[in-house]
Amino acid sequence: MPDDTLLRLDELSIAFDDVTVVDRLSLEVRRGETLALVGESGSGKSVSALGAMHLLPPNARISGSYSLGDTDLSRMKPRDWQGLRGNRVGFIFQEPMTSLNPLHTVARQIGETLRLHQGLSGRAARARCRELLEQVKLPRPDELLDAWPHQLSGGQRQRVMIAMAIANNPELLIADEPTTALDVTVQQEILALLAELRDHHGMGMLFITHDLNLVRRHADRVCVLYQGQVQETGPVADVFQQPRSAYTRTLLDAEPEGRPAPAGSQPLLSAENLSVAFSRPKRLFSRRPPPFVAVQPLSLRLARGETLGIVGESGSGKTTLAMALLRMTPSQGDVVFEGERLDRLSGNDLRRRRRRFQVVFQDPYGSLSPRLPVSEIISEGLRFHHPELSRDEVERRVQATLKEVGLPANCAARYPHEFSGGQRQRIAVARAIILEPELVVLDEPTSALDRTVQKQLVELLRDLQARRGLSYLFISHDLAVVRAVAHRVMVLKEGEVVEEGSCEQVLAAPRHAYTQALVAAAGLMPNVEGA
Amino acid sequence: MSLLSPQFSPITRRRLEVFRRNRRARVSLWIFMALFVVSLFAELIANDKPIVMQFDGQWYVPLLVDYPETEFGGFLPTRTDYHDPFVKEQIDTHGWALWPPIPYSYQTLDMQMMRPSPASPDAQHWLGTDDQGRDVLARVIYGFRLSVAFALVLTAGSLVAGVVIGGIQGYFGGKTDLIGQRLTEIWSGLPVLFLLIILASFVQPGFWWLLGIMLLFSWLGLVDVVRAEFLRARNLEYVRAAKAMGLPSRLIMWRHVLPNAMVATLTFVPFLFTGAITTLTALDFLGFGLPPGAPSLGELVAQGKNNLHAPWLGITAFVSLSLMLSLLVFIGEGLRDAFDPRHIQHASSAQPGTDTRTKAHA
């Protein structure tokens with residue numbers, strides 16, 4: 001065994017009650033390298049990292065041996081763990097919004113680990129905090145020391161998390177999906193920073209992710225996990241060039257591909273000078289500040305059977321735009337749906353029209369009421385818009401729609417929590433299409449799903465479009481998915497359209513710098529069709 | 001329960017499970033329900049009339065029908081006093097009577113008693129009599145029923161008012177919320193107790209009067225809770241999806257938002273309930289509550305205070321009130337825990353469902 005092995009897991013198994021979650025996992029992380037632990041949700045990748053650090057609930061049973069450097073972790077006493085975690089091992093978690101304490105300033109959050117492990121306090125701690133903030137390349141470190149988490153953006157918070165993780169010069173850094181919640185361009189910056197810090201401090205890094213795109217660029221070796229079992233381990237280049245296991249091949253093939261069927265030209269929806277502005281709160285005795293413009297005046301049109309992809313990072317106003325088109329948020333400008341001015345309608349007239357433009361939301365867990373069985377969820381709109389239908393007829397249509405979205409008929413009586421994310425998203429699609437709409441707004445429908453599931457959903461959506469002649473307004477930050485679905489693309493930045501055109505053209509030869517950055521970050525450059 | 005379970009949603013089933021595991025709450029619920037059901041039949045348990053009787057071969061149901069004394073060989077065509085020694089003797093010689101276990105109603109004055117009132121407990125009056133010679137046990141049974149009935153109606157009324165008003169404020173938000181909030185604030189500034197006392201000076205407050213006045217204010221506590229829940233729920237994705245489907249607001253509120261708000265609301269109910277009982281008792285104690293003669297626990301407390309030499313009055317009032325309120329608080333705690341999503345059952349009984357959820361995030 002070479003000397004530089006840092007973390008070694010040997011036949012590590014983890015079980016909750018009687019369910020084995022991780023099955024005889026063996027891996028090692030060496031000093032100065034990044035090992036990527038890849039798998040879909042539920043594959044046991046986070047659990048194994050948490051298990052090796054004894055961070056699991058007490059009902060988890062861990063067996064096998066695991067060690068950090070010369071320390072045998074499986075024989076550690078509870079008291080010794082505290083000296084290890086945060087000191088020799090640093091953690092970065094996925095959710096930058098919730099992994100910082102909202103009631104502590106940045107200096108205090110970082111200072112806490114310094115005080116615990118190095119006994120630093122007062123001015124010394126503050127100086128060290130400032131140094132750390134500089135290391136993670138946060139701008140204006142002096143100001144940020146006293147900032148509260150809510151004043152920081154997602155990327156900045158993740159940098160603070162990293163500063164906390166490296167505060168005690170750990171030997172091993174465990175990054176559990178560190179960039180999943182961030183925009184693509186920010187992702188690249190954070191990962192580049194992590195690589196730099198790794199080299200600078202000579203750390204080993206265990207990088208847990210589901211995103212192969214990131215693995216390809218930022219890891220040295222990769223370990224593929226499927227249902228708690230190792231499928232394949234090896235240097236990144238080898239695994240990507242010649243995957244040995246069947247599962248790795250499916251993962252690599254899971255990139256959504258293909259193109260949508262050609263669209264018609266009959267116009268369905270158009271908007272002229274549509275803009276959305278939110279007024280800002282007014283302080284007592286002061287003048288009202290100018291409104292916040294979420295969407296700058298823009299025009300768009302969508303033909304029958306066509307998909308318009310709306311692309312942009314978080315905060316670019318893409319969801320707001322969609323909500324304005326659906327008349328779910330107040331806006332200025334004309335919205336014409338099938339020759340009728342939607343923006344002039346309200347109340348009952350508008351409600352009756354809503355049948356014709358439906359929406360599928362991002363979060364498959366939040367968009368279905370947990371208290372209703374699936375049949376109720378799907379049939380609810382149908383029963384309201386078509387009260388004349390008999391109970392049997394409603395039942396029949398629910399069954400037909402379930403079949404159409406590829407769900408088994410017996411799921412009608414079950415509750416949403418019994419389904420996986422992909423299945424839930426299919427239920428949400430079923431709820432939308434049972435009303436026989438002409439337009440469906442898809443608000444990041446795939447971003448909460450695994451790659452393989454994304455691919456299936458994209459195929460379903462294309463299939464439905466071809467069969468029913470649906471028009472889609474497809475909102476996404478994921479260019480790979482957009483390429484597989486959209487005919488035309490519209491790139492939004494801070495509420496403004498920076499680029500617009502046919503999908504192939506925009507993705508293959510982006511003109512605007514922002515689009516170029518997005519395309520580069522998505523790793524699409526080399527294999528765009530026709531490029 | 002297991003037969004019913006499949007019809008409930010999984011959340012409801014988990015809550016039932018948590019509640020059932022809480023032994024104190026479950027036992028309290030059973031005792032309270034038993035007491036309440038028993039007190040519903042108070043007329044069969046404590047009454048100054050026989051339940052059924054036979055007189056000269058004929059059947060009589062004095063419990064339901066008022067017979068004149070002439071029926072039983074008396075001289076006056078007035079309502080029969082079955083405790084009258086003469087009537088008693090007539091019945092004994094000409095037939096028989098089935099008496100309730102406690103042969104006194106809540107306002108029966110025991111004329112046959114040889115001892116001065118208040119009389120201490122004996123075989124005749126198990127908990128003694130109060131200072132007017134009325135049976136204390138009978139009054140406690142009727143008083144319990146009245147208190148619980150009052151609290152039930154008041155709670156139901158406050159629930160409806162609180163949920164409707166809070167729901168409208170929360171769901172529509174904006175100006176509706178702002179104006180509604182200010183109005184409820186002003187309204188909650190009115191002093192309830194003074195209002196009741198003033199009112200007592202020009203109407204004789206009965207059960208419904210008291211209920212009406214207290215109902216004007218008791219919903220205020222619920223509004224904040226319900227409003228907050230509606231405010232939160234209206235931005236949930238499935239509520240937005242329902243809006244996008246074109247469902248009207250009332251349907252969305254009823255089907256999607258209300259079930260969310262009910263959790264917080266139901267947790268509140270047992271405490272609303274105890275609050276109602278306490279307020280009624282306090283008013284009765286002060287003499288601004290139910291009319292004189294009505295069986296009320298508050299009046300019993302007042303009697304206990306006025307007759308310190310008759311400790312059975314005070315002790316009975318204390319025990320019955322504290323028992324009732326403790327039972328309700330225990331039930332309320334059980335409900336609160338059952339509805340608390342963060343409530344963790346003891347390690348031995350950890351739910352597999354929660355585990356899979358944590359794993360899904362991993």
# chains A, B, ... in the order shown; residues from 1 in each chain; ligands from 1
$ residues_around --residues "stretch 176-190 of chain B" --least-positions-apart "2" --cutoff "10 Å" --atoms "only C-alpha atoms" --output "number ranges by chain"
B: 165-174, 192-195, 216-221, 223-224, 227, 231
$ interface_residues --of "chain A" --to "chain B" --cutoff "8 Å" --atoms "only C-alpha atoms" --output "ChimeraX atom specification"
/A:16,41-42,44-47,59,326,328,350-355,358-361,363,366-369,371-373,381,384,415,432
$ write_last_selection --atoms "N, CA and C atoms" --output "tab-separated table (two decimals), in the first residue's frame"
chain	number	residue	atom	x	y	z
A	16	PHE	N	-29.80	0.20	7.88
A	16	PHE	CA	-30.77	0.81	8.77
A	16	PHE	C	-31.79	-0.25	9.10
A	41	SER	N	-29.71	9.27	-6.80
A	41	SER	CA	-30.20	9.43	-5.43
A	41	SER	C	-30.61	8.07	-4.89
A	42	GLY	N	-30.29	7.85	-3.62
A	42	GLY	CA	-30.61	6.57	-3.02
A	42	GLY	C	-29.55	5.52	-3.25
A	44	GLY	N	-26.65	5.50	-1.92
A	44	GLY	CA	-25.89	5.31	-0.70
A	44	GLY	C	-24.59	6.08	-0.66
A	45	LYS	N	-24.44	7.06	-1.54
A	45	LYS	CA	-23.15	7.75	-1.59
A	45	LYS	C	-22.97	8.68	-0.41
A	46	SER	N	-24.00	9.45	-0.03
A	46	SER	CA	-23.85	10.31	1.14
A	46	SER	C	-23.78	9.49	2.41
A	47	VAL	N	-24.62	8.46	2.47
A	47	VAL	CA	-24.68	7.65	3.68
A	47	VAL	C	-23.32	7.04	3.98
A	59	ASN	N	-29.81	4.34	14.78
A	59	ASN	CA	-30.31	3.03	14.33
A	59	ASN	C	-29.54	2.48	13.13
A	326	LEU	N	-48.98	33.07	-17.82
A	326	LEU	CA	-50.13	32.30	-17.33
A	326	LEU	C	-51.11	33.16	-16.55
A	328	MET	N	-50.59	34.45	-13.68
A	328	MET	CA	-50.56	34.08	-12.27
A	328	MET	C	-49.86	35.18	-11.47
A	350	LEU	N	-61.39	34.11	-16.79
A	350	LEU	CA	-60.01	33.65	-16.84
A	350	LEU	C	-59.91	32.21	-16.35
A	351	ARG	N	-60.62	31.93	-15.26
A	351	ARG	CA	-60.56	30.58	-14.70
A	351	ARG	C	-61.00	29.54	-15.70
A	352	ARG	N	-62.05	29.86	-16.44
A	352	ARG	CA	-62.53	28.89	-17.44
A	352	ARG	C	-61.50	28.65	-18.54
A	353	ARG	N	-60.72	29.70	-18.88
A	353	ARG	CA	-59.69	29.54	-19.92
A	353	ARG	C	-58.49	28.74	-19.44
A	354	ARG	N	-58.32	28.71	-18.11
A	354	ARG	CA	-57.09	28.11	-17.57
A	354	ARG	C	-56.93	26.65	-17.97
A	355	ARG	N	-58.04	26.00	-18.30
A	355	ARG	CA	-57.97	24.61	-18.74
A	355	ARG	C	-57.00	24.47	-19.90
A	358	GLN	N	-51.72	24.83	-19.06
A	358	GLN	CA	-51.41	24.17	-17.80
A	358	GLN	C	-49.94	24.33	-17.45
A	359	VAL	N	-49.60	23.93	-16.23
A	359	VAL	CA	-48.24	24.12	-15.77
A	359	VAL	C	-47.75	22.89	-15.00
A	360	VAL	N	-46.49	22.57	-15.16
A	360	VAL	CA	-45.85	21.52	-14.36
A	360	VAL	C	-44.70	22.17	-13.62
A	361	PHE	N	-44.67	22.00	-12.31
A	361	PHE	CA	-43.68	22.70	-11.51
A	361	PHE	C	-42.42	21.87	-11.32
A	363	ASP	N	-40.66	21.10	-8.39
A	363	ASP	CA	-40.41	20.22	-7.26
A	363	ASP	C	-41.43	19.08	-7.24
A	366	GLY	N	-43.16	18.85	-3.77
A	366	GLY	CA	-44.04	19.90	-3.28
A	366	GLY	C	-45.28	20.12	-4.12
A	367	SER	N	-45.27	19.61	-5.36
A	367	SER	CA	-46.37	20.03	-6.23
A	367	SER	C	-47.57	19.10	-6.18
A	368	LEU	N	-47.49	18.04	-5.39
A	368	LEU	CA	-48.65	17.17	-5.23
A	368	LEU	C	-49.10	17.21	-3.78
A	369	SER	N	-50.38	17.42	-3.58
A	369	SER	CA	-50.88	17.49	-2.21
A	369	SER	C	-50.70	16.14	-1.53
A	371	ARG	N	-52.08	14.95	0.88
A	371	ARG	CA	-53.27	14.43	1.54
A	371	ARG	C	-54.29	13.82	0.60
A	372	LEU	N	-54.02	13.89	-0.69
A	372	LEU	CA	-55.00	13.35	-1.64
A	372	LEU	C	-54.40	12.16	-2.37
A	373	PRO	N	-55.23	11.14	-2.66
A	373	PRO	CA	-54.73	10.05	-3.49
A	373	PRO	C	-54.56	10.52	-4.93
A	381	GLY	N	-59.04	18.91	-11.58
A	381	GLY	CA	-59.34	19.93	-12.57
A	381	GLY	C	-60.44	19.49	-13.51
A	384	PHE	N	-63.78	19.93	-12.05
A	384	PHE	CA	-64.23	21.32	-11.98
A	384	PHE	C	-64.62	21.85	-13.35
A	415	TYR	N	-51.08	7.20	-2.56
A	415	TYR	CA	-50.76	8.58	-2.20
A	415	TYR	C	-49.40	8.97	-2.75
A	432	ALA	N	-51.77	17.79	-15.65
A	432	ALA	CA	-51.86	18.89	-16.61
A	432	ALA	C	-52.55	18.45	-17.89
$ residues_around --residues "stretch 471-481 of chain A" --least-positions-apart "4" --cutoff "6 Å" --atoms "only C-alpha atoms" --output "list in words"
Pro256, Arg304, Gly305, Glu306, Thr307, Leu308, Gly309, Ile310, Val311, Gly312, Glu313, Leu439, Val440, Val441, Leu442, Asp443 and Glu444 of chain A
$ write_last_selection --atoms "N, CA and C atoms" --output "PDB file, in the first residue's frame"
ATOM      1  N   PRO A 256     -29.698  13.423 -21.972  1.00  0.00           N
ATOM      2  CA  PRO A 256     -30.872  13.480 -22.843  1.00  0.00           C
ATOM      3  C   PRO A 256     -30.431  13.787 -24.268  1.00  0.00           C
ATOM      4  N   ARG A 304     -48.181  26.441 -32.477  1.00  0.00           N
ATOM      5  CA  ARG A 304     -48.730  25.153 -32.055  1.00  0.00           C
ATOM      6  C   ARG A 304     -47.700  24.049 -32.257  1.00  0.00           C
ATOM      7  N   GLY A 305     -47.579  23.180 -31.284  1.00  0.00           N
ATOM      8  CA  GLY A 305     -46.648  22.060 -31.394  1.00  0.00           C
ATOM      9  C   GLY A 305     -45.194  22.458 -31.255  1.00  0.00           C
ATOM     10  N   GLU A 306     -44.972  23.696 -30.848  1.00  0.00           N
ATOM     11  CA  GLU A 306     -43.595  24.159 -30.750  1.00  0.00           C
ATOM     12  C   GLU A 306     -43.152  24.222 -29.280  1.00  0.00           C
ATOM     13  N   THR A 307     -41.850  24.090 -29.075  1.00  0.00           N
ATOM     14  CA  THR A 307     -41.312  24.246 -27.725  1.00  0.00           C
ATOM     15  C   THR A 307     -40.358  25.427 -27.708  1.00  0.00           C
ATOM     16  N   LEU A 308     -40.637  26.343 -26.799  1.00  0.00           N
ATOM     17  CA  LEU A 308     -39.729  27.467 -26.618  1.00  0.00           C
ATOM     18  C   LEU A 308     -38.985  27.246 -25.316  1.00  0.00           C
ATOM     19  N   GLY A 309     -37.682  27.122 -25.391  1.00  0.00           N
ATOM     20  CA  GLY A 309     -36.899  26.946 -24.185  1.00  0.00           C
ATOM     21  C   GLY A 309     -36.532  28.303 -23.609  1.00  0.00           C
ATOM     22  N   ILE A 310     -36.764  28.474 -22.314  1.00  0.00           N
ATOM     23  CA  ILE A 310     -36.337  29.714 -21.669  1.00  0.00           C
ATOM     24  C   ILE A 310     -35.210  29.355 -20.718  1.00  0.00           C
ATOM     25  N   VAL A 311     -34.044  29.920 -20.988  1.00  0.00           N
ATOM     26  CA  VAL A 311     -32.844  29.504 -20.289  1.00  0.00           C
ATOM     27  C   VAL A 311     -32.298  30.673 -19.489  1.00  0.00           C
ATOM     28  N   GLY A 312     -31.780  30.382 -18.329  1.00  0.00           N
ATOM     29  CA  GLY A 312     -31.156  31.436 -17.537  1.00  0.00           C
ATOM     30  C   GLY A 312     -30.833  30.883 -16.168  1.00  0.00           C
ATOM     31  N   GLU A 313     -30.044  31.628 -15.418  1.00  0.00           N
ATOM     32  CA  GLU A 313     -29.686  31.162 -14.089  1.00  0.00           C
ATOM     33  C   GLU A 313     -30.738  31.629 -13.100  1.00  0.00           C
ATOM     34  N   LEU A 439     -51.363  24.458 -24.329  1.00  0.00           N
ATOM     35  CA  LEU A 439     -50.040  24.928 -23.931  1.00  0.00           C
ATOM     36  C   LEU A 439     -49.714  24.356 -22.553  1.00  0.00           C
ATOM     37  N   VAL A 440     -48.511  23.842 -22.400  1.00  0.00           N
ATOM     38  CA  VAL A 440     -48.075  23.420 -21.071  1.00  0.00           C
ATOM     39  C   VAL A 440     -46.786  24.151 -20.748  1.00  0.00           C
ATOM     40  N   VAL A 441     -46.783  24.831 -19.607  1.00  0.00           N
ATOM     41  CA  VAL A 441     -45.565  25.479 -19.144  1.00  0.00           C
ATOM     42  C   VAL A 441     -44.839  24.495 -18.250  1.00  0.00           C
ATOM     43  N   LEU A 442     -43.608  24.184 -18.578  1.00  0.00           N
ATOM     44  CA  LEU A 442     -42.822  23.242 -17.794  1.00  0.00           C
ATOM     45  C   LEU A 442     -41.744  24.032 -17.080  1.00  0.00           C
ATOM     46  N   ASP A 443     -41.915  24.196 -15.782  1.00  0.00           N
ATOM     47  CA  ASP A 443     -40.991  25.026 -15.017  1.00  0.00           C
ATOM     48  C   ASP A 443     -39.939  24.115 -14.380  1.00  0.00           C
ATOM     49  N   GLU A 444     -38.795  24.006 -15.018  1.00  0.00           N
ATOM     50  CA  GLU A 444     -37.715  23.145 -14.546  1.00  0.00           C
ATOM     51  C   GLU A 444     -38.230  21.752 -14.176  1.00  0.00           C
TER      52      GLU A 444
END
$ closest_residue --among "B:Val38, B:Ala282, B:Ala294, B:Val269" --to "B:Arg336" --atoms "only C-alpha atoms"
B:Val269
$ closest_residue --among "B:Arg145, B:Arg14, B:Lys88, B:Arg26" --to "B:Ser320" --atoms "only C-alpha atoms"
B:Arg145
$ select_by_dssp --residues "stretch 113-244 of chain A" --states "strand (DSSP E or B)" --output "PDB file with C-alpha atoms, in the first residue's frame"
ATOM      1  CA  LEU A 172      -9.555  15.236   4.136  1.00  0.00           C
ATOM      2  CA  LEU A 173     -12.344  17.307   2.681  1.00  0.00           C
ATOM      3  CA  ILE A 174     -15.705  15.664   2.166  1.00  0.00           C
ATOM      4  CA  ALA A 175     -17.813  17.650  -0.295  1.00  0.00           C
ATOM      5  CA  ASP A 176     -21.342  16.256  -0.457  1.00  0.00           C
ATOM      6  CA  GLY A 204      -7.496  14.569  -0.130  1.00  0.00           C
ATOM      7  CA  MET A 205     -10.990  15.227  -1.333  1.00  0.00           C
ATOM      8  CA  LEU A 206     -14.001  12.979  -1.435  1.00  0.00           C
ATOM      9  CA  PHE A 207     -16.380  14.558  -3.897  1.00  0.00           C
ATOM     10  CA  ILE A 208     -19.900  13.179  -3.781  1.00  0.00           C
ATOM     11  CA  THR A 209     -22.050  14.028  -6.771  1.00  0.00           C
ATOM     12  CA  ARG A 221     -10.543   9.034  -9.873  1.00  0.00           C
ATOM     13  CA  VAL A 222     -14.145   7.956  -9.766  1.00  0.00           C
ATOM     14  CA  CYS A 223     -16.096   5.325  -7.891  1.00  0.00           C
ATOM     15  CA  VAL A 224     -19.543   4.493  -9.257  1.00  0.00           C
ATOM     16  CA  LEU A 225     -22.139   3.361  -6.756  1.00  0.00           C
ATOM     17  CA  TYR A 226     -25.446   1.726  -7.517  1.00  0.00           C
ATOM     18  CA  GLN A 229     -22.699  -1.506  -4.322  1.00  0.00           C
ATOM     19  CA  VAL A 230     -19.554  -0.412  -6.098  1.00  0.00           C
ATOM     20  CA  GLN A 231     -19.924  -0.842  -9.814  1.00  0.00           C
ATOM     21  CA  GLU A 232     -16.610   0.438 -10.933  1.00  0.00           C
ATOM     22  CA  THR A 233     -13.576   2.301  -9.621  1.00  0.00           C
ATOM     23  CA  GLY A 234     -10.777   3.785 -11.621  1.00  0.00           C
ATOM     24  CA  PRO A 235      -9.161   6.884 -13.060  1.00  0.00           C
TER      25      PRO A 235
END
$ residues_around --residues "B:Val329" --least-positions-apart "4" --cutoff "12 Å" --atoms "only C-alpha atoms" --output "list in words"
Arg24, Ala25, Arg26, Ser28, Leu29, Phe32, Thr267, Phe268, Val269, Pro270, Phe271, Leu272, Phe273, Thr274, Gly275, Ser322, Leu323, Met324, Leu325, Glu333, Gly334, Leu335 and Arg336 of chain B
$ atom_distance --atom1 "atom CA of A:Ser67" --atom2 "atom CA of A:Arg8"
5.3 Å
$ decode --residues "stretch 139-215 of chain B" --atoms "C-alpha atoms" --output "PDB file, in the first residue's frame"
ATOM      1  CA  ARG B 139     -74.962  18.792  40.902  1.00  0.00           C
ATOM      2  CA  VAL B 140     -71.456  17.705  39.925  1.00  0.00           C
ATOM      3  CA  ILE B 141     -72.792  15.281  37.319  1.00  0.00           C
ATOM      4  CA  TYR B 142     -75.097  17.858  35.777  1.00  0.00           C
ATOM      5  CA  GLY B 143     -72.478  20.575  36.136  1.00  0.00           C
ATOM      6  CA  PHE B 144     -69.901  18.474  34.329  1.00  0.00           C
ATOM      7  CA  ARG B 145     -72.285  17.924  31.470  1.00  0.00           C
ATOM      8  CA  LEU B 146     -73.155  21.593  31.256  1.00  0.00           C
ATOM      9  CA  SER B 147     -69.519  22.694  31.303  1.00  0.00           C
ATOM     10  CA  VAL B 148     -68.494  20.226  28.623  1.00  0.00           C
ATOM     11  CA  ALA B 149     -71.504  21.057  26.453  1.00  0.00           C
ATOM     12  CA  PHE B 150     -70.773  24.749  26.799  1.00  0.00           C
ATOM     13  CA  ALA B 151     -67.126  24.234  25.930  1.00  0.00           C
ATOM     14  CA  LEU B 152     -68.009  22.003  22.983  1.00  0.00           C
ATOM     15  CA  VAL B 153     -70.375  24.491  21.411  1.00  0.00           C
ATOM     16  CA  LEU B 154     -68.042  27.387  22.120  1.00  0.00           C
ATOM     17  CA  THR B 155     -65.053  25.569  20.655  1.00  0.00           C
ATOM     18  CA  ALA B 156     -66.965  24.525  17.563  1.00  0.00           C
ATOM     19  CA  GLY B 157     -68.211  28.070  17.058  1.00  0.00           C
ATOM     20  CA  SER B 158     -64.762  29.593  17.575  1.00  0.00           C
ATOM     21  CA  LEU B 159     -63.272  27.074  15.190  1.00  0.00           C
ATOM     22  CA  VAL B 160     -65.649  28.019  12.420  1.00  0.00           C
ATOM     23  CA  ALA B 161     -65.270  31.754  12.977  1.00  0.00           C
ATOM     24  CA  GLY B 162     -61.520  31.629  13.521  1.00  0.00           C
ATOM     25  CA  VAL B 163     -60.804  29.436  10.521  1.00  0.00           C
ATOM     26  CA  VAL B 164     -63.021  31.438   8.186  1.00  0.00           C
ATOM     27  CA  ILE B 165     -61.647  34.818   9.234  1.00  0.00           C
ATOM     28  CA  GLY B 166     -58.034  33.708   9.563  1.00  0.00           C
ATOM     29  CA  GLY B 167     -58.267  31.768   6.329  1.00  0.00           C
ATOM     30  CA  ILE B 168     -59.563  34.687   4.328  1.00  0.00           C
ATOM     31  CA  GLN B 169     -56.882  36.986   5.719  1.00  0.00           C
ATOM     32  CA  GLY B 170     -54.098  34.524   5.068  1.00  0.00           C
ATOM     33  CA  TYR B 171     -55.186  33.268   1.690  1.00  0.00           C
ATOM     34  CA  PHE B 172     -55.805  36.609   0.043  1.00  0.00           C
ATOM     35  CA  GLY B 173     -53.070  38.434   1.921  1.00  0.00           C
ATOM     36  CA  GLY B 174     -52.188  41.983   0.963  1.00  0.00           C
ATOM     37  CA  LYS B 175     -54.767  44.632   1.791  1.00  0.00           C
ATOM     38  CA  THR B 176     -57.372  42.123   2.986  1.00  0.00           C
ATOM     39  CA  ASP B 177     -54.865  40.826   5.468  1.00  0.00           C
ATOM     40  CA  LEU B 178     -53.719  44.265   6.572  1.00  0.00           C
ATOM     41  CA  ILE B 179     -57.209  45.598   7.204  1.00  0.00           C
ATOM     42  CA  GLY B 180     -58.408  42.352   8.737  1.00  0.00           C
ATOM     43  CA  GLN B 181     -55.453  42.232  11.079  1.00  0.00           C
ATOM     44  CA  ARG B 182     -56.029  45.777  12.315  1.00  0.00           C
ATOM     45  CA  LEU B 183     -59.728  45.112  12.859  1.00  0.00           C
ATOM     46  CA  THR B 184     -59.064  41.963  14.847  1.00  0.00           C
ATOM     47  CA  GLU B 185     -56.497  43.829  16.908  1.00  0.00           C
ATOM     48  CA  ILE B 186     -59.023  46.506  17.791  1.00  0.00           C
ATOM     49  CA  TRP B 187     -61.640  43.896  18.501  1.00  0.00           C
ATOM     50  CA  SER B 188     -59.333  41.934  20.765  1.00  0.00           C
ATOM     51  CA  GLY B 189     -58.731  45.106  22.736  1.00  0.00           C
ATOM     52  CA  LEU B 190     -62.280  45.032  24.078  1.00  0.00           C
ATOM     53  CA  PRO B 191     -62.409  43.823  27.690  1.00  0.00           C
ATOM     54  CA  VAL B 192     -64.509  40.652  27.616  1.00  0.00           C
ATOM     55  CA  LEU B 193     -65.007  40.309  31.341  1.00  0.00           C
ATOM     56  CA  PHE B 194     -66.269  43.848  31.794  1.00  0.00           C
ATOM     57  CA  LEU B 195     -68.571  43.431  28.858  1.00  0.00           C
ATOM     58  CA  LEU B 196     -70.068  40.351  30.495  1.00  0.00           C
ATOM     59  CA  ILE B 197     -70.458  42.091  33.831  1.00  0.00           C
ATOM     60  CA  ILE B 198     -72.137  45.093  32.242  1.00  0.00           C
ATOM     61  CA  LEU B 199     -74.377  42.805  30.281  1.00  0.00           C
ATOM     62  CA  ALA B 200     -75.303  40.848  33.390  1.00  0.00           C
ATOM     63  CA  SER B 201     -76.831  44.024  34.786  1.00  0.00           C
ATOM     64  CA  PHE B 202     -79.540  44.297  32.154  1.00  0.00           C
ATOM     65  CA  VAL B 203     -80.159  40.793  30.881  1.00  0.00           C
ATOM     66  CA  GLN B 204     -80.318  37.608  32.859  1.00  0.00           C
ATOM     67  CA  PRO B 205     -77.438  35.788  31.161  1.00  0.00           C
ATOM     68  CA  GLY B 206     -78.416  32.207  30.386  1.00  0.00           C
ATOM     69  CA  PHE B 207     -76.482  29.469  28.622  1.00  0.00           C
ATOM     70  CA  TRP B 208     -76.951  30.917  25.124  1.00  0.00           C
ATOM     71  CA  TRP B 209     -76.331  34.522  26.142  1.00  0.00           C
ATOM     72  CA  LEU B 210     -73.042  33.617  27.732  1.00  0.00           C
ATOM     73  CA  LEU B 211     -72.135  31.461  24.772  1.00  0.00           C
ATOM     74  CA  GLY B 212     -72.921  34.230  22.311  1.00  0.00           C
ATOM     75  CA  ILE B 213     -70.877  36.829  24.122  1.00  0.00           C
ATOM     76  CA  MET B 214     -67.899  34.581  24.638  1.00  0.00           C
ATOM     77  CA  LEU B 215     -68.084  33.464  21.041  1.00  0.00           C
TER      78      LEU B 215
END
